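A.B. asks: Attaching a single structure in structure tokens format; questions to follow.
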Amino acid sequence: MSEQNRLGVFKTYKLYVGGKFPRSESGRVYEVTDSKGAWLANVPQSSRKDARDAVVAARKAFGGWSGATAYNRGQVLYRVAEMLEGRKEQFAREVAASEGLSKSKAAAVVDAAIDRWVWYAGWTDKIGQISGGANPVAGPFFNLSTPEPTGVVAVLAPQKSSLLGLVSVIAPVIATGNTAVVIASADAPLPALSLGEVLATSDVPGGVVNILSGATAELAAPLAAHQDVNAIDLTGAGAELAKELEIAAADNLKRVLRPLPAEADGPDPSTDWLAAPGTHRLTAFLETKTVWHPTGALGASGSSY
Amino acid sequence: MPTTAPAFSDATASDSALRRFLFGLPGVDAVGLEARAASLGTRSIKTTAKAYAIDLAISMIDLTTLEGADTPGKVRALAAKAVHPDPTDRTTPRTAAVCVYPDMVATATAALAGSGVKVASVATAFPAGRAALDVKLADVRDAVAAGADEIDMVIDRGAFLSGRFMKVYEEILAVKAECGTARLKVIFETGELATYDNIRRASWLGMLAGADFIKTSTGKVATNATPANTLLMLEAVRDFRAQTGVQIGVKPAGGIRTTKDAVKFLVLVNETAGEDWLDNHWFRFGASSLLNDLLMQRQKLSTGRYSGPDYVTVD
């Protein structure tokens with residue numbers, strides 16, 4: 001049969017919650033178009049109850065994921081990169097359509113996204129050394145600080161960079177042992193929903209990453225106020241929404257990562273994500289635990305420790 | 001001691017009469033029963049109705065701890081939770097009862113004195129029920145003497161499944177006699193009865209023998225309370241009252257963990273037995289983790305934001 005006569009097989013994009021692929025509890029969908037306005041797909045329009053379910057899934061996964069060894073988490077994240085590598089073409093197609101990039105530019109973005117996973121995978125067993133360590137104290141104590149994951153993190157993914165930006169906000173959150181509820185870019189959610197399929201076939205336990213598509217403000221409000229969410233990354237929120245969400249987040253003392261300042265003045269924000277990421281996204285969702293251990297009288301052994 | 005309702009005195013006259021009666025009950029349409037239970041589970045209960053349902057469900061809970069590792073401290077903590085389920089909101093209703101093993105009854109009674117929360121005790125060699133009748137009766141006497149307001153007994157499933165209905169009947173009568181003023185809940189362990197027909201027969205057998213409550217399960221086997229088996233038992237108590245005028249309570253137990261599940265059961269009660277049963281004198285939930293979910297939903301309704309497990313007690 002020739003390619004022209006073949007009936008199109010359209011993909012049903014679904015959410016990724018607790019390792020499963022549900023439709024929205026509300027039954028709603030909305031149309032996603034490419035940069036020129038042509039129809040691409042119908043995707044679920046999540047409701048606040050989907051957000052609530054995602055938090056329950058993330059909370060359930062937190063114990064196992066945060067308790068896994070950093071070495072194991074690194075291997076799992078590297079496995080995600082391997083799986084992405086095998087589906088490059090699909091992602092390049094989705095990124096090109098969503099962001100209006102040329103084929104070659106989209107392929108470069110996908111390569112960068114895969115490299116980003118690998119980069120963060122390497123950090124899992126190293127971040128403890130740069131953000132913790134032995135502290136010199138004026139007393140007979142061995143004083144040790146060690147970073148620990150914050151818990152369930154709500155992540156508002158960047159609105160423009162639908163894959164590289166997305167990866168750049170998810171990977172650091174889970175690399176350190178947190179679990180994430182991610183709100184995908186509202187206008188370009190396809191790469192995010194496909195990333196769910198990649199995560200499901202990697203060794204990432206169900207519930208560690210939960211991906212929702214829909215109106216950012218509608219989903220972010222209940223997450224920011226949710227008493228069982230420990231931190232929120234506001235990268236994908238506009239200035240006004242970010243302010244509202246930060247106020248709601250203060251109620252249970254969530255850790256808040258503010259959005260990048262004034263996008264309009266800088267270069268095209270989608271290119272910002274190509275720059276070296278640094279470690280601030282890793283440390284943003286860590287808490288420091290410090291242990292004081294008595295060592296006996298100072299000087300008795302001839303050493304301060 | 002209440003005797004068998006006159007309308008059915010013939011049924012319990014002899015072993016063969018009892019068997020004839022129980023096998024004469026109409027067979028259960030399993031597909032229809034499950035479809036009805038499922039369709040009633042799709043009702044949407046929102047806002048003020050939901051708030052009412054949550055408070056009603058809390059007031060119907062038999063807050064239960066039945067573990068080998070139960071300590072007096074754990075029972076006291078559970079009792080405190082039964083009296084003030086949500087210490088941050090004193091408008092939260094109390095639970096109906098605390099349900100413990102017989103040796104913990106005295107601890108629970110002391111902790112709940114004057115609170116209005118009842119003490120229920122499982123007895124009769126719970127959960128298996130595999131002990132001599134004398135031992136079972138001693139178990140019941142012990143719990144009643146320690147101050148239990150309610151006794152949850154298990155039927156002898158071995159006797160029931162092998163067709164010795166009169167033995168089951170007489171055992172319930174004997175236990176009822178030991179209860180005195182305590183109300184008797186009869187547990188059928190529906191997960192072990194294999195068929196819906198058996199659940200219907202067990203329900204009638206329990207009611208004929210003078211149960212104050214019929215209860216689905218112990219919570220210790222794979223299949224516990226389901227909407228379908230609870231619906232079947234609700235039909236039984238409805239029909240029993242229609243024929244004898246005697247009202248009997250129903251208690252699903254085990255496996256009910258979320259507010260959504262609990263509300264589904266309340267819909268079943270209202271649509272099957274009717275409003276008369278929407279009261280903790282006539283309907284109970286045997287549960288432990290359900291209460292926390294109800295409290296989180298209650299907090300959500302009063303504050304508008306989702307609550308989390310950090311804001312309820314860890315049991």
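The way I read the labels, and the way they are meant: chains A, B, ... in the order of the structure tokens, residue 1 as the first residue of every chain, and ligand 1 as the first ligand shown, with later ones counted on from there.
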Please tabulate, as CSV, the residues of chain A that come within 6 Å of chain B, each with its closest pair of atoms and the distance in Å to one decimal, counting only C-alpha atoms and ordering rows by chain, then residue number upward.

C.D. replies:
residue,atom,partner,partner_atom,distance
A:Ala225,CA,B:Arg305,CA,5.7
A:His226,CA,B:Tyr306,CA,4.7
A:Gln227,CA,B:Ser307,CA,4.8
A:Asp228,CA,B:Gly308,CA,4.5

A.B. asks: Which neighbours of stretch 135-147 of chain A fall inside 6 Å, counting only C-alpha atoms, when residues of the same chain fewer than 4 positions from it are skipped, and could you give them as a compact mmCIF listing (two decimals) with C-alpha atoms, in the first residue's frame?

C.D. replies:
# COMPACT_ATOMS: atom_id res chain seq x y z
CA GLY A 128 26.58 16.03 48.66
CA LEU A 286 17.89 20.56 49.23
CA GLU A 287 17.80 21.03 52.97
CA THR A 288 20.88 20.87 55.13
CA LYS A 289 21.00 18.51 58.05
CA THR A 290 23.80 19.16 60.51
CA VAL A 291 24.99 16.66 63.09
CA TRP A 292 27.05 17.56 66.16
CA HIS A 293 28.99 14.61 67.45
CA PRO A 294 30.99 14.98 70.70
CA THR A 295 34.63 14.06 70.35
CA GLY A 296 35.78 14.57 73.97
CA ALA A 297 37.84 17.42 75.41
CA LEU A 298 39.59 19.67 72.94

A.B. asks: Do you know which residues are at most 10 Å from A:Gly27 counting only C-alpha atoms, after dropping those on the same chain fewer than 5 positions away, and could you put them as a PyMOL selection string?

C.D. replies: chain A and resi 44-47

A.B. asks: Any idea what's packed within 12 Å of A:Ala108, counting only C-alpha atoms, ignoring anything in its chain fewer than 3 positions away? Could you give it as number ranges by chain?

C.D. replies: A: 88-89, 91-93, 95-96, 101-105, 111-115, 163-164, 271, 274

A.B. asks: Tell me, which residues of stretch 72-302 of chain B carry DSSP alpha helix (DSSP H), written as number ranges by chain?

C.D. replies: B: 72-83, 105-112, 133-145, 157-161, 165-179, 196-208, 227-244, 259-272, 289-302

A.B. asks: Rounded to one decimal in Å, what is the spacing between atom CA of B:Leu33 and atom CA of B:Leu184?

C.D. replies: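 Those two atoms sit 27.1 Å apart.
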
A.B. asks: Counting only C-alpha atoms, figure out which residue out of B:Thr216, B:Cys179, B:Thr109, B:Leu290 gets nearest to B:Asp142.

C.D. replies: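 Looking only at the distances to B:Asp142, the closest residue turns out to be B:Cys179.
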
A.B. asks: To one decimal place, how far is atom CA of B:Asp197 from atom CA of B:Gly27 in Å?

C.D. replies: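 Atom CA of B:Gly27 lies 5.8 Å from atom CA of B:Asp197.
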
A.B. asks: Pick out the closest residue to A:Tyr13 from this set: A:Ile211, A:Val76, A:Val118, A:Ile130. Count only C-alpha atoms.

C.D. replies: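 Closest candidate: A:Ile211.
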
A.B. asks: Fewer than 4 positions away in the same chain doesn't count, so skip those; otherwise give me all residues within 12 Å of B:Ile45, counting only C-alpha atoms, as a list in words.

C.D. replies: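 These residues fall inside the cut-off: Leu40, Gly41, Ala49, Lys50, Ala51, Tyr52, Ala53, Ile54, Thr259, Lys260, Asp261, Ala262, Val263, Lys264, Leu266 and Val267 of chain B.
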
A.B. asks: Could you dump the residues just selected with C-alpha atoms as a PDB file, in the first residue's frame?

C.D. replies:
ATOM      1  CA  LEU B  40     -24.850   3.814  42.917  1.00  0.00           C
ATOM      2  CA  GLY B  41     -21.126   4.447  43.254  1.00  0.00           C
ATOM      3  CA  ALA B  49     -23.850  17.299  50.859  1.00  0.00           C
ATOM      4  CA  LYS B  50     -20.221  16.234  50.913  1.00  0.00           C
ATOM      5  CA  ALA B  51     -19.583  18.075  54.169  1.00  0.00           C
ATOM      6  CA  TYR B  52     -22.604  16.316  55.682  1.00  0.00           C
ATOM      7  CA  ALA B  53     -21.438  12.950  54.369  1.00  0.00           C
ATOM      8  CA  ILE B  54     -17.926  13.419  55.761  1.00  0.00           C
ATOM      9  CA  THR B 259     -13.569   9.413  51.624  1.00  0.00           C
ATOM     10  CA  LYS B 260     -14.816   8.566  48.162  1.00  0.00           C
ATOM     11  CA  ASP B 261     -15.310   4.920  49.165  1.00  0.00           C
ATOM     12  CA  ALA B 262     -17.067   5.876  52.391  1.00  0.00           C
ATOM     13  CA  VAL B 263     -19.461   8.217  50.585  1.00  0.00           C
ATOM     14  CA  LYS B 264     -20.282   5.453  48.115  1.00  0.00           C
ATOM     15  CA  LEU B 266     -23.467   5.980  52.474  1.00  0.00           C
ATOM     16  CA  VAL B 267     -25.231   6.286  49.124  1.00  0.00           C
TER      17      VAL B 267
END

A.B. asks: Please provide as a ChimeraX atom specification all residues within 12 Å of A:Arg28, with the sequence filter that same-chain residues fewer than 3 positions apart are discarded (counting only C-alpha atoms).

C.D. replies: /A:14-15,23-25,31,42-47,50,213-215

A.B. asks: For the selection you just gave me, I'd like the residues written to a file as a JSON list (two decimals), in the first residue's frame, keeping N, CA and C atoms.

C.D. replies:
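Writing done, so here's selection-v3.json:
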[["chain", "number", "residue", "atom", "x", "y", "z"],
["A", 14, "LYS", "N", -1.53, 11.33, 26.69],
["A", 14, "LYS", "CA", -2.13, 11.20, 28.01],
["A", 14, "LYS", "C", -1.19, 11.73, 29.08],
["A", 15, "LEU", "N", -1.75, 11.90, 30.28],
["A", 15, "LEU", "CA", -0.94, 12.36, 31.40],
["A", 15, "LEU", "C", -0.04, 11.23, 31.87],
["A", 23, "ARG", "N", -6.13, 9.53, 31.47],
["A", 23, "ARG", "CA", -6.69, 10.76, 30.91],
["A", 23, "ARG", "C", -6.98, 11.68, 32.08],
["A", 24, "SER", "N", -7.34, 12.92, 31.78],
["A", 24, "SER", "CA", -7.70, 13.81, 32.87],
["A", 24, "SER", "C", -8.97, 13.29, 33.54],
["A", 25, "GLU", "N", -8.98, 13.39, 34.87],
["A", 25, "GLU", "CA", -10.17, 13.00, 35.64],
["A", 25, "GLU", "C", -11.39, 13.76, 35.15],
["A", 31, "GLU", "N", -6.91, 21.67, 22.33],
["A", 31, "GLU", "CA", -6.16, 21.50, 21.08],
["A", 31, "GLU", "C", -4.79, 22.13, 21.18],
["A", 42, "ASN", "N", -4.83, 16.61, 20.30],
["A", 42, "ASN", "CA", -5.63, 16.96, 21.47],
["A", 42, "ASN", "C", -4.92, 16.39, 22.69],
["A", 43, "VAL", "N", -4.75, 17.22, 23.71],
["A", 43, "VAL", "CA", -4.09, 16.73, 24.92],
["A", 43, "VAL", "C", -5.02, 16.95, 26.11],
["A", 44, "PRO", "N", -4.83, 16.16, 27.17],
["A", 44, "PRO", "CA", -5.70, 16.30, 28.34],
["A", 44, "PRO", "C", -5.56, 17.68, 28.98],
["A", 45, "GLN", "N", -6.68, 18.24, 29.37],
["A", 45, "GLN", "CA", -6.63, 19.48, 30.14],
["A", 45, "GLN", "C", -6.89, 19.11, 31.60],
["A", 46, "SER", "N", -5.80, 19.00, 32.35],
["A", 46, "SER", "CA", -5.90, 18.48, 33.72],
["A", 46, "SER", "C", -6.69, 19.42, 34.61],
["A", 47, "SER", "N", -7.29, 18.83, 35.64],
["A", 47, "SER", "CA", -8.03, 19.61, 36.62],
["A", 47, "SER", "C", -7.25, 19.60, 37.93],
["A", 50, "ASP", "N", -6.62, 16.17, 39.26],
["A", 50, "ASP", "CA", -5.46, 15.47, 38.70],
["A", 50, "ASP", "C", -4.20, 15.90, 39.43],
["A", 213, "SER", "N", -0.68, 18.16, 31.80],
["A", 213, "SER", "CA", -0.82, 19.22, 30.80],
["A", 213, "SER", "C", -2.11, 19.96, 31.09],
["A", 214, "GLY", "N", -2.14, 21.23, 30.72],
["A", 214, "GLY", "CA", -3.35, 22.03, 30.97],
["A", 214, "GLY", "C", -2.99, 23.48, 31.21],
["A", 215, "ALA", "N", -3.98, 24.24, 31.70],
["A", 215, "ALA", "CA", -3.75, 25.67, 31.95],
["A", 215, "ALA", "C", -2.86, 25.83, 33.18]]
